[in-house]
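Worksheet: one structure, shown below.
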Amino acid sequence: MKIYSESVIQRLEVFCDTTYVFEDGKVNGRDVYKAKVSKKALPNRWGNRMLSYYVTNNEPLELELTFKADVEPEFQFYAASFDLLKTKALDVKPRPLEQMSMPFVLNDAILRKRYVTLNKPTVVTDSILSNE
């Protein structure tokens with residue numbers, strides 16, 4: 001599965017419920033971590049978060065995941081671009097200088113959220129995702 005955006009994004013978060021078990025996997029051609037005993041891929045996820053991908057030059061995220069045929073994992077993708085204040089169509093005014101942004105959260109970002117379920121026919125109509 002190749003995930004990309006036609007608009008410029010800086011970060012892509014991938015979530016999948018921990019009940020979905022992956023036998024093997026690669027992210028951008030590199031093997032993912034596998035548990036020593038169970039040999040399952042991505043075993044110790046923090047909540048439902050699978051990974052965070054920091055985009056460079058709008059390069060796509062490529063996921064290769066192996067799972068049992070009767071499993072239909074659902075993924076949630078959050079794509080963030082840090083251009084909220086520059087996007088004229090949204091007309092968001094900058095915060096006053098005396099106000100501090102919240103630490104450890106997305107600030108001044110546009111967030112796009114999409115769901116994709118594998119093993120089912122998927123028609124992607126948004127510019128953020130593509131199934132290959």
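We name chains A, B, ... following the order of the structure tokens; residues begin at 1 in each chain, and ligands are numbered from 1 as shown.
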Practice prompt. Quick one: everything within 12 Å of stretch 15-22 of chain A, counting only C-alpha atoms, minus sequence neighbours fewer than 6 positions away in the same chain. Send it as JSON, numbers by chain.
Written response: {"A": [32, 33, 34, 35, 38, 39, 40, 41, 42, 43, 44, 45, 46, 47, 48, 49, 50, 51, 52, 53, 63, 64, 65, 66, 67, 68, 69, 70, 71, 72, 73, 74, 75, 76, 77, 78, 79, 113, 114, 115, 116, 117, 118]}
Check: Which of these residues is nearest to A:Leu111, using only C-alpha atoms: A:Glu6, A:Asp31, A:Glu23, A:Asp83?
Finding: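 Answer, going by the shortest atom-to-atom distance: A:Asp83.
The coordinates place atom CA of A:Arg112 at 16.8 Å from atom CA of A:Val92.
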- Item | Atomic distance atom CA of A:Lys88 - atom CA of A:Glu13, expressed in Å with one decimal |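 Value for the atom CA of A:Lys88-atom CA of A:Glu13 distance: 25.2 Å.
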From the list A:Asn107, A:Leu90, A:Glu62, A:Ala80, the nearest residue to A:Ser7 using only C-alpha atoms is A:Ala80
Across A:Leu61, A:Leu85, A:Leu97, A:Ala109, the smallest distance to A:Arg30, with only C-alpha atoms counted, is shown by A:Leu61
Practice prompt. If you run DSSP over the backbone, which residues in stretch 9-132 of chain A end up strand (DSSP E)? Put them as an MDAnalysis selection string.
Written response: chainID A and resid 11:16 24:27 30:31 49:54 61:66 74:81 110:117 129:130
Could you dump the residues just selected with C-alpha atoms as a compact mmCIF listing (two decimals), in the first residue's frame?
# COMPACT_ATOMS: atom_id res chain seq x y z
CA ARG A 11 3.68 14.24 9.08
CA LEU A 12 1.62 11.09 8.56
CA GLU A 13 0.33 9.05 11.50
CA VAL A 14 -0.85 5.46 10.92
CA PHE A 15 -3.23 3.79 13.38
CA CYS A 16 -4.64 0.26 13.44
CA ASP A 24 5.42 -9.63 8.80
CA GLY A 25 5.93 -6.15 7.46
CA LYS A 26 8.10 -3.55 5.79
CA VAL A 27 7.99 0.22 5.89
CA ARG A 30 12.85 -1.80 5.66
CA ASP A 31 11.79 -4.71 7.88
CA ARG A 49 -0.57 3.90 16.81
CA MET A 50 1.48 1.86 14.35
CA LEU A 51 3.91 4.50 13.23
CA SER A 52 4.63 8.17 12.64
CA TYR A 53 6.16 9.09 9.30
CA TYR A 54 7.84 12.48 8.90
CA LEU A 61 4.93 6.03 2.73
CA GLU A 62 5.04 2.44 1.48
CA LEU A 63 3.62 -0.28 3.74
CA GLU A 64 3.96 -3.99 3.04
CA LEU A 65 2.05 -5.98 5.65
CA THR A 66 1.41 -9.71 5.81
CA GLU A 74 -8.84 -1.06 9.16
CA PHE A 75 -6.28 1.72 9.14
CA GLN A 76 -6.70 5.33 10.12
CA PHE A 77 -4.39 7.86 8.51
CA TYR A 78 -3.84 11.35 9.86
CA ALA A 79 -1.93 13.66 7.54
CA ALA A 80 -0.74 16.94 9.01
CA SER A 81 0.47 20.04 7.24
CA ILE A 110 -4.37 21.23 9.04
CA LEU A 111 -5.25 17.62 9.79
CA ARG A 112 -6.79 15.23 7.26
CA LYS A 113 -8.20 11.92 8.47
CA ARG A 114 -8.96 8.92 6.27
CA TYR A 115 -9.93 5.27 6.83
CA VAL A 116 -8.87 2.34 4.66
CA THR A 117 -9.91 -1.29 5.12
CA LEU A 129 -4.47 8.00 -0.20
CA SER A 130 -3.90 5.49 -2.94
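The two atoms in question, atom CA of A:Gln10 and atom CA of A:Glu59, are spaced 10.1 Å apart.
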